[in-house]
$ cat run.txt   # compact mmCIF, C-alpha atoms and all ligand atoms
# COMPACT_ATOMS: atom_id res chain seq x y z
CA MET U 1 -180.65 -2.14 160.61
CA LYS U 2 -181.66 1.19 159.05
CA GLN U 3 -185.08 2.70 159.59
CA ALA U 4 -187.41 3.59 156.72
CA HIS U 5 -187.19 7.31 155.92
CA SER U 6 -189.27 9.88 154.15
CA PRO U 7 -187.18 10.88 151.14
CA VAL U 8 -185.80 14.42 151.13
CA ILE U 9 -183.98 16.28 148.34
CA ILE U 10 -182.23 19.66 148.45
CA ALA U 11 -180.73 21.64 145.57
CA THR U 12 -179.08 24.99 144.91
CA TRP U 13 -180.71 28.04 143.31
CA ARG U 14 -184.08 28.67 141.77
CA PHE U 15 -183.42 26.12 139.00
CA GLY U 16 -183.01 23.57 141.78
CA LYS U 17 -186.80 23.48 142.12
CA GLU U 18 -187.31 21.70 138.78
CA ALA U 19 -184.36 19.45 139.60
CA VAL U 20 -185.72 18.32 142.99
CA GLU U 21 -189.20 17.85 141.54
CA HIS U 22 -187.86 15.49 138.90
CA ALA U 23 -185.55 13.73 141.36
CA GLY U 24 -188.47 13.34 143.78
CA GLU U 25 -190.65 11.79 141.12
CA LEU U 26 -187.91 9.26 140.42
CA LEU U 27 -187.51 8.36 144.09
CA ARG U 28 -191.27 8.01 144.40
CA ASN U 29 -191.26 5.61 141.46
CA GLY U 30 -188.63 3.40 143.04
CA HIS U 31 -185.51 4.63 141.23
CA SER U 32 -182.18 4.61 143.04
CA VAL U 33 -180.83 7.59 144.92
CA LEU U 34 -178.07 7.89 142.28
CA ASP U 35 -180.66 8.00 139.48
CA ALA U 36 -182.50 10.74 141.35
CA VAL U 37 -179.33 12.82 141.72
CA GLU U 38 -178.13 12.30 138.15
CA LYS U 39 -181.44 12.80 136.38
CA GLY U 40 -182.45 15.71 138.60
CA ILE U 41 -179.23 17.49 137.64
CA ASN U 42 -179.73 16.56 133.95
CA VAL U 43 -182.88 18.72 133.95
CA VAL U 44 -180.79 21.84 134.53
CA GLU U 45 -177.88 20.72 132.32
CA LEU U 46 -180.21 20.30 129.33
CA GLU U 47 -181.96 23.67 129.76
CA PRO U 48 -180.26 26.15 127.39
CA ALA U 49 -181.76 29.14 129.21
CA GLU U 50 -179.57 28.35 132.24
CA LYS U 51 -176.34 30.19 131.50
CA SER U 52 -174.15 28.52 134.09
CA VAL U 53 -174.74 24.80 133.66
CA GLY U 54 -174.43 22.33 130.77
CA PHE U 55 -175.86 23.18 127.34
CA GLY U 56 -175.97 26.97 126.95
CA GLY U 57 -173.47 27.53 129.79
CA ARG U 58 -171.07 30.44 129.43
CA PRO U 59 -167.89 29.54 127.51
CA ASN U 60 -164.27 30.13 128.47
CA ALA U 61 -162.24 33.07 127.14
CA ASP U 62 -161.73 31.22 123.83
CA GLY U 63 -165.47 30.77 123.36
CA VAL U 64 -165.44 27.06 124.29
CA VAL U 65 -167.80 25.66 126.93
CA GLU U 66 -165.87 23.60 129.50
CA LEU U 67 -167.96 21.73 132.05
CA ASP U 68 -167.20 20.37 135.54
CA ALA U 69 -169.32 17.83 137.43
CA ALA U 70 -169.10 15.27 140.21
CA ILE U 71 -171.29 12.68 141.88
CA MET U 72 -170.87 10.84 145.19
CA HIS U 73 -172.70 7.77 146.48
CA GLY U 74 -173.15 7.44 150.23
CA PRO U 75 -173.54 3.65 150.65
CA THR U 76 -170.31 2.83 148.78
CA HIS U 77 -168.46 6.09 149.49
CA ASP U 78 -167.54 6.10 145.79
CA ALA U 79 -167.28 9.19 143.64
CA GLY U 80 -166.76 10.14 140.01
CA ALA U 81 -165.94 13.47 138.41
CA VAL U 82 -165.13 15.20 135.15
CA ALA U 83 -163.42 18.54 134.68
CA GLY U 84 -162.95 20.73 131.62
CA LEU U 85 -165.26 18.45 129.63
CA ARG U 86 -166.14 19.86 126.20
CA HIS U 87 -168.97 19.05 123.75
CA ILE U 88 -171.05 16.87 126.08
CA LYS U 89 -174.40 18.12 127.34
CA ARG U 90 -174.75 15.94 130.46
CA PRO U 91 -171.44 15.98 132.35
CA ILE U 92 -172.99 14.59 135.55
CA SER U 93 -173.91 11.43 133.63
CA VAL U 94 -170.30 11.08 132.45
CA ALA U 95 -169.12 11.61 136.05
CA ARG U 96 -171.40 8.78 137.18
CA LEU U 97 -169.89 6.46 134.56
CA VAL U 98 -166.36 7.43 135.66
CA MET U 99 -167.41 6.20 139.10
CA GLU U 100 -169.16 3.06 137.90
CA LYS U 101 -167.09 1.94 134.91
CA THR U 102 -163.50 2.95 135.61
CA PRO U 103 -161.04 2.39 138.45
CA HIS U 104 -160.63 6.20 138.60
CA ALA U 105 -162.38 9.03 140.40
CA MET U 106 -161.78 11.91 137.95
CA LEU U 107 -161.13 12.40 134.25
CA VAL U 108 -160.25 15.78 132.72
CA GLY U 109 -160.20 17.48 129.32
CA ASP U 110 -159.60 15.30 126.25
CA GLY U 111 -159.45 12.11 128.30
CA ALA U 112 -162.88 12.82 129.75
CA LEU U 113 -164.24 13.55 126.26
CA GLN U 114 -162.77 10.35 124.79
CA PHE U 115 -164.29 8.37 127.65
CA ALA U 116 -167.70 9.99 127.13
CA ILE U 117 -167.61 9.17 123.41
CA GLN U 118 -166.65 5.56 124.18
CA GLN U 119 -169.65 5.40 126.50
CA GLY U 120 -171.95 6.47 123.68
CA PHE U 121 -172.40 10.19 124.37
CA GLN U 122 -172.87 12.44 121.33
CA GLN U 123 -170.48 15.33 120.74
CA GLU U 124 -172.61 18.45 120.46
CA HIS U 125 -172.35 22.22 120.17
CA LEU U 126 -172.85 23.64 123.64
CA LEU U 127 -172.95 27.32 122.66
CA THR U 128 -176.37 28.77 121.97
CA ASP U 129 -176.77 31.80 119.66
CA GLU U 130 -177.29 33.89 122.77
CA SER U 131 -174.23 32.63 124.64
CA ARG U 132 -172.08 33.08 121.50
CA ASP U 133 -173.30 36.68 121.12
CA GLN U 134 -172.63 37.41 124.79
CA TRP U 135 -169.12 35.97 124.49
CA LYS U 136 -168.44 38.17 121.43
CA THR U 137 -169.60 41.22 123.37
CA TRP U 138 -167.32 40.20 126.21
CA LEU U 139 -164.39 39.83 123.76
CA GLU U 140 -164.73 43.48 122.72
CA ASN U 141 -163.84 44.93 126.11
CA ARG U 142 -163.24 41.87 128.30
CA GLN U 143 -166.15 42.88 130.48
CA SER U 144 -169.52 41.33 130.90
CA ALA U 145 -172.83 42.95 131.81
CA ASP U 146 -173.74 39.72 133.58
CA ASP U 147 -170.88 37.86 135.23
CA SER U 148 -173.08 35.63 137.36
CA HIS U 149 -172.20 31.94 137.63
CA ASP U 150 -173.96 29.14 139.45
CA THR U 151 -173.83 25.42 140.04
CA ILE U 152 -176.65 22.94 140.32
CA GLY U 153 -175.77 21.06 143.48
CA LEU U 154 -178.26 18.43 144.64
CA ALA U 155 -178.32 15.99 147.55
CA ALA U 156 -180.90 13.27 148.13
CA LEU U 157 -181.91 10.92 150.95
CA ASP U 158 -183.94 7.87 149.94
CA THR U 159 -186.42 5.75 151.87
CA GLN U 160 -183.64 3.40 153.02
CA GLY U 161 -181.78 6.29 154.59
CA ASP U 162 -179.08 6.29 151.90
CA LEU U 163 -177.58 9.52 150.62
CA ALA U 164 -176.05 10.70 147.35
CA ALA U 165 -175.07 14.10 145.98
CA GLY U 166 -173.94 15.65 142.72
CA CYS U 167 -173.08 18.99 141.19
CA SER U 168 -172.59 20.38 137.69
CA THR U 169 -171.48 23.74 136.30
CA SER U 170 -169.91 25.57 133.38
CA GLY U 171 -167.93 27.49 136.00
CA ILE U 172 -166.92 31.12 135.80
CA GLY U 173 -167.85 32.69 132.46
CA TYR U 174 -164.91 33.59 130.18
CA LYS U 175 -162.48 31.79 132.50
CA LEU U 176 -158.98 30.93 131.37
CA PRO U 177 -159.12 27.73 129.34
CA GLY U 178 -158.40 24.83 131.67
CA ARG U 179 -159.64 26.59 134.79
CA VAL U 180 -161.32 24.19 137.22
CA GLY U 181 -163.37 25.29 140.22
CA ASP U 182 -164.63 23.51 143.31
CA SER U 183 -167.46 21.58 141.70
CA PRO U 184 -165.67 18.43 140.48
CA LEU U 185 -163.53 18.20 143.63
CA VAL U 186 -164.81 15.79 146.25
CA GLY U 187 -164.83 17.63 149.58
CA SER U 188 -165.11 21.05 147.94
CA GLY U 189 -168.10 21.11 145.58
CA LEU U 190 -169.79 18.17 147.27
CA TYR U 191 -169.33 15.57 149.95
CA VAL U 192 -171.33 12.67 151.35
CA ASP U 193 -170.86 10.54 154.43
CA ASN U 194 -173.74 8.07 154.50
CA ASP U 195 -173.73 7.95 158.32
CA VAL U 196 -173.78 11.73 158.72
CA GLY U 197 -175.06 13.76 155.79
CA ALA U 198 -174.34 15.42 152.46
CA ALA U 199 -173.37 18.92 151.37
CA SER U 200 -172.81 20.87 148.17
CA ALA U 201 -171.46 24.33 147.35
CA THR U 202 -171.95 27.07 144.80
CA GLY U 203 -170.26 30.42 144.26
CA LEU U 204 -166.67 31.39 143.60
CA GLY U 205 -164.91 28.04 143.31
CA GLU U 206 -161.45 29.48 143.90
CA GLU U 207 -162.47 30.33 147.48
CA ILE U 208 -164.80 27.38 148.13
CA LEU U 209 -162.05 24.86 147.39
CA LYS U 210 -159.49 26.51 149.68
CA PHE U 211 -161.71 25.59 152.65
CA CYS U 212 -162.78 22.06 151.57
CA SER U 213 -166.17 23.59 152.23
CA SER U 214 -168.51 20.65 151.65
CA PHE U 215 -166.30 18.32 153.67
CA LEU U 216 -166.24 20.84 156.48
CA VAL U 217 -170.05 21.10 156.51
CA VAL U 218 -170.37 17.32 156.83
CA GLU U 219 -167.64 17.10 159.48
CA LEU U 220 -169.39 19.77 161.56
CA MET U 221 -172.60 17.76 161.27
CA ARG U 222 -170.67 14.71 162.49
CA GLN U 223 -169.69 16.77 165.55
CA GLY U 224 -173.37 17.33 166.32
CA LEU U 225 -174.25 20.56 164.53
CA SER U 226 -177.52 20.64 162.60
CA PRO U 227 -177.23 21.05 158.80
CA GLN U 228 -178.22 24.71 159.21
CA GLU U 229 -175.63 25.37 161.94
CA ALA U 230 -172.97 23.49 159.96
CA CYS U 231 -173.53 25.63 156.84
CA GLU U 232 -173.46 28.85 158.86
CA GLN U 233 -170.37 27.77 160.81
CA THR U 234 -168.54 26.93 157.58
CA ILE U 235 -169.30 30.36 156.08
CA ARG U 236 -168.18 31.93 159.37
CA ARG U 237 -164.90 29.99 159.16
CA ILE U 238 -164.36 31.20 155.59
CA LEU U 239 -165.07 34.82 156.54
CA ALA U 240 -162.93 34.68 159.67
CA LYS U 241 -159.88 33.61 157.67
CA LYS U 242 -160.60 35.88 154.70
CA PRO U 243 -162.98 38.75 155.65
CA GLN U 244 -162.75 40.06 152.07
CA ASN U 245 -164.82 37.05 151.00
CA LYS U 246 -167.91 38.86 152.27
CA ASP U 247 -167.91 40.56 148.86
CA ILE U 248 -168.11 37.33 146.90
CA GLN U 249 -170.89 34.77 146.86
CA ILE U 250 -170.50 31.38 148.46
CA GLY U 251 -173.62 29.31 149.07
CA LEU U 252 -173.84 25.99 150.89
CA ILE U 253 -176.61 23.41 151.20
CA ALA U 254 -176.71 20.45 153.56
CA LEU U 255 -178.88 17.39 154.22
CA SER U 256 -178.49 15.16 157.26
CA HIS U 257 -178.92 11.39 157.24
CA THR U 258 -182.13 11.95 159.21
CA GLY U 259 -183.59 14.29 156.57
CA LYS U 260 -182.89 17.70 158.16
CA THR U 261 -181.81 20.44 155.76
CA GLY U 262 -179.90 23.73 155.96
CA ALA U 263 -178.41 26.45 153.75
CA ALA U 264 -176.27 29.56 154.22
CA ALA U 265 -174.48 32.11 152.06
CA CYS U 266 -172.11 35.08 152.28
CA ARG U 267 -174.40 37.40 150.36
CA PRO U 268 -178.13 37.83 149.74
CA GLY U 269 -179.64 36.22 146.68
CA PHE U 270 -178.92 32.55 147.27
CA GLN U 271 -182.09 30.50 147.04
CA TYR U 272 -182.38 26.77 147.46
CA ALA U 273 -185.10 24.19 146.90
CA VAL U 274 -186.21 21.41 149.23
CA TRP U 275 -188.48 18.55 148.22
CA ARG U 276 -190.24 16.47 150.86
CA GLU U 277 -193.63 14.77 151.02
CA ASP U 278 -194.15 15.26 147.29
CA HIS U 279 -193.78 19.01 147.53
CA ALA U 280 -190.94 21.33 146.47
CA GLU U 281 -190.38 24.71 148.02
CA LEU U 282 -187.88 27.50 147.36
CA SER U 283 -186.38 29.42 150.31
CA ASP U 284 -183.80 32.14 150.86
CA ALA U 285 -180.62 30.96 152.54
CA VAL U 286 -179.48 32.55 155.81
CA ILE U 287 -176.90 35.26 155.12
CA VAL U 288 -173.96 34.84 157.43
CA ALA U 289 -172.07 38.05 156.68
CA SER U 290 -174.99 40.16 157.89
CA ILE U 291 -175.20 38.15 161.14
CA GLN U 292 -171.50 38.75 161.69
CA GLN U 293 -171.59 42.44 161.04
CA PRO U 294 -174.66 43.98 162.73
CA GLN U 295 -175.44 47.61 161.85
N1 LIG S 301 -168.63 27.04 141.98
C1 LIG S 301 -168.67 27.18 140.54
C2 LIG S 301 -167.25 27.34 140.04
O1 LIG S 301 -166.49 28.05 140.65
C3 LIG S 301 -169.49 28.32 140.05
C4 LIG S 301 -170.71 28.70 140.87
O2 LIG S 301 -171.30 27.86 141.53
O3 LIG S 301 -171.09 29.87 140.89
O4 LIG S 301 -166.93 26.79 139.02
$ encode --input "run.txt" --output "C-alpha cells"
Amino acid sequence: MKQAHSPVIIATWRFGKEAVEHAGELLRNGHSVLDAVEKGINVVELEPAEKSVGFGGRPNADGVVELDAAIMHGPTHDAGAVAGLRHIKRPISVARLVMEKTPHAMLVGDGALQFAIQQGFQQEHLLTDESRDQWKTWLENRQSADDSHDTIGLAALDTQGDLAAGCSTSGIGYKLPGRVGDSPLVGSGLYVDNDVGAASATGLGEEILKFCSSFLVVELMRQGLSPQEACEQTIRRILAKKPQNKDIQIGLIALSHTGKTGAAACRPGFQYAVWREDHAELSDAVIVASIQQPQ
C-alpha cells in the first residue's frame, strides 16, 4: 500500500515556472497526474513568445513548424508521442491521445496530423509574424543571431505517489525537414518508472538521444543515487565518452518517487522550476563540466 505524498512538480527552464504553477493548481484541485503534466506543458506550448515550443516555435529550413512531444504515465508504464507534427498548437495533448486512444506509442508527420484532426484538433498557423521574419533573415545567409532551442520537460508526483512526465519542443530552429530530436523518444527526452522516479532532458537532441539520457538518470536512481547525483552522473557519462559535448548544452531534470528533485547541465544557463507546498521556485542547475575541469 502506497503512502500519501506531498505533490512535487519539476520542469525545465524559466518558462517551467508557469508550467509547474498551473500543474500544481490542477493537482491541488484533484486532477490526475496526467492532466497536470499535459495542461502544465500546454501553458508553454500556447505562449507565442516562447520560440522553442508549440505556437510561435522556430520553423524548419522550409519555414514550417514541426513539433515533437511525448508523455509517459508511471502507474501503467504507457507512453504516447508525436514527431514532426505540423499545424497543431498542443502536441503534448495529441501525444496523450496517441497513448490513450490508439494501440501505438508514436505517430509521425502526416499520420500524426490526420490523427489529431480526427480527434478534433484545429489546424492552425504556427508561425508568428516575428518567427516568420526571423526565418526570412536566416534564409538570407543561413545564419541566425539567436540559435537557442529549448524543451519544456515536466515531471509530476501526485499525492498517491504516482508519477508522470512529458516534454514538448519545436526542436532545433531551421532544422532539416523531418529532423527529430530526443524529445519524443521514450528513454531519451523523458522516462518514468513509477517505483523509482522520472526524468526529462533538454538541449541538443542529437547528443541526448545517443545516451538514452532520461532512462540512464532513472536507472541510476534505481541503483540508489539521488536525483541530483543521477543527473550529474549522466552528464559525466556523456562528457567522458564525448568530451567535445562540453561545448553544447544538455540539461537534465529528475524527480524521485519520494519527491526528491535534481538537475544538472553541461553549460551554465540552465534553470529549472520546482513546485512543492503550493510554491514554485526557479534554480540554477549544477554545471557538471566545470566540476570536471577545475581551473
Ligand atoms: N532537445 C530538443 C531537440 O533536440 C531541443 C532542446 O531542448 O533544446 O529537439
$ residues_near_ligand --input "run.txt" --ligand "ligand LIG 301 (chain S)" --cutoff "6 Å" --atoms "all atoms listed in the file" --output "PyMOL selection string"
chain U and resi 149-151+171-172+181-183+202-205
$ atom_distance --input "run.txt" --atom1 "CA of Ser200 in chain U" --atom2 "CA of Ser52 in chain U"
16.1 Å
$ residues_near_point --input "run.txt" --point "(-163.3, 8.5, 136.9)" --cutoff "10 Å" --atoms "only C-alpha atoms" --output "list of chain:residue names"
U:Ala70, U:Ala79, U:Gly80, U:Ala81, U:Val82, U:Val94, U:Ala95, U:Arg96, U:Leu97, U:Val98, U:Met99, U:Glu100, U:Lys101, U:Thr102, U:Pro103, U:His104, U:Ala105, U:Met106, U:Leu107, U:Val108, U:Ala112, U:Phe115
$ closest_residue --input "run.txt" --among "U:Ala273, U:Leu67, U:Ile88, U:Leu220" --to "Gln122 in chain U" --atoms "all atoms listed in the file"
U:Ile88
$ residues_around --input "run.txt" --residues "Ile92 in chain U" --least-positions-apart "5" --cutoff "7 Å" --atoms "all atoms listed in the file" --output "list in words"
Glu38, Ala69, Ala70, Ile71 and Ser168 of chain U
$ residues_around --input "run.txt" --residues "Phe121 in chain U" --least-positions-apart "5" --cutoff "10 Å" --atoms "all atoms listed in the file" --output "PyMOL selection string"
chain U and resi 87-91+93-94+113-116
$ write_last_selection --input "run.txt" --atoms "C-alpha atoms" --output "PDB file, in the coordinates of the input"
ATOM      1  CA  HIS U  87    -168.970  19.050 123.750  1.00  0.00           C
ATOM      2  CA  ILE U  88    -171.050  16.870 126.080  1.00  0.00           C
ATOM      3  CA  LYS U  89    -174.400  18.120 127.340  1.00  0.00           C
ATOM      4  CA  ARG U  90    -174.750  15.940 130.460  1.00  0.00           C
ATOM      5  CA  PRO U  91    -171.440  15.980 132.350  1.00  0.00           C
ATOM      6  CA  SER U  93    -173.910  11.430 133.630  1.00  0.00           C
ATOM      7  CA  VAL U  94    -170.300  11.080 132.450  1.00  0.00           C
ATOM      8  CA  LEU U 113    -164.240  13.550 126.260  1.00  0.00           C
ATOM      9  CA  GLN U 114    -162.770  10.350 124.790  1.00  0.00           C
ATOM     10  CA  PHE U 115    -164.290   8.370 127.650  1.00  0.00           C
ATOM     11  CA  ALA U 116    -167.700   9.990 127.130  1.00  0.00           C
TER      12      ALA U 116
END
$ atom_distance --input "run.txt" --atom1 "CA of Leu209 in chain U" --atom2 "CA of Ser188 in chain U"
4.9 Å
$ residues_around --input "run.txt" --residues "Gly269 in chain U" --least-positions-apart "6" --cutoff "10 Å" --atoms "all atoms listed in the file" --output "JSON, numbers by chain"
{"U": [13, 249, 251, 284, 285, 286, 287]}
$ closest_residue --input "run.txt" --among "U:Gly16, U:Pro268, U:Gly224, U:Pro184" --to "Ser170 in chain U" --atoms "only C-alpha atoms"
U:Pro184
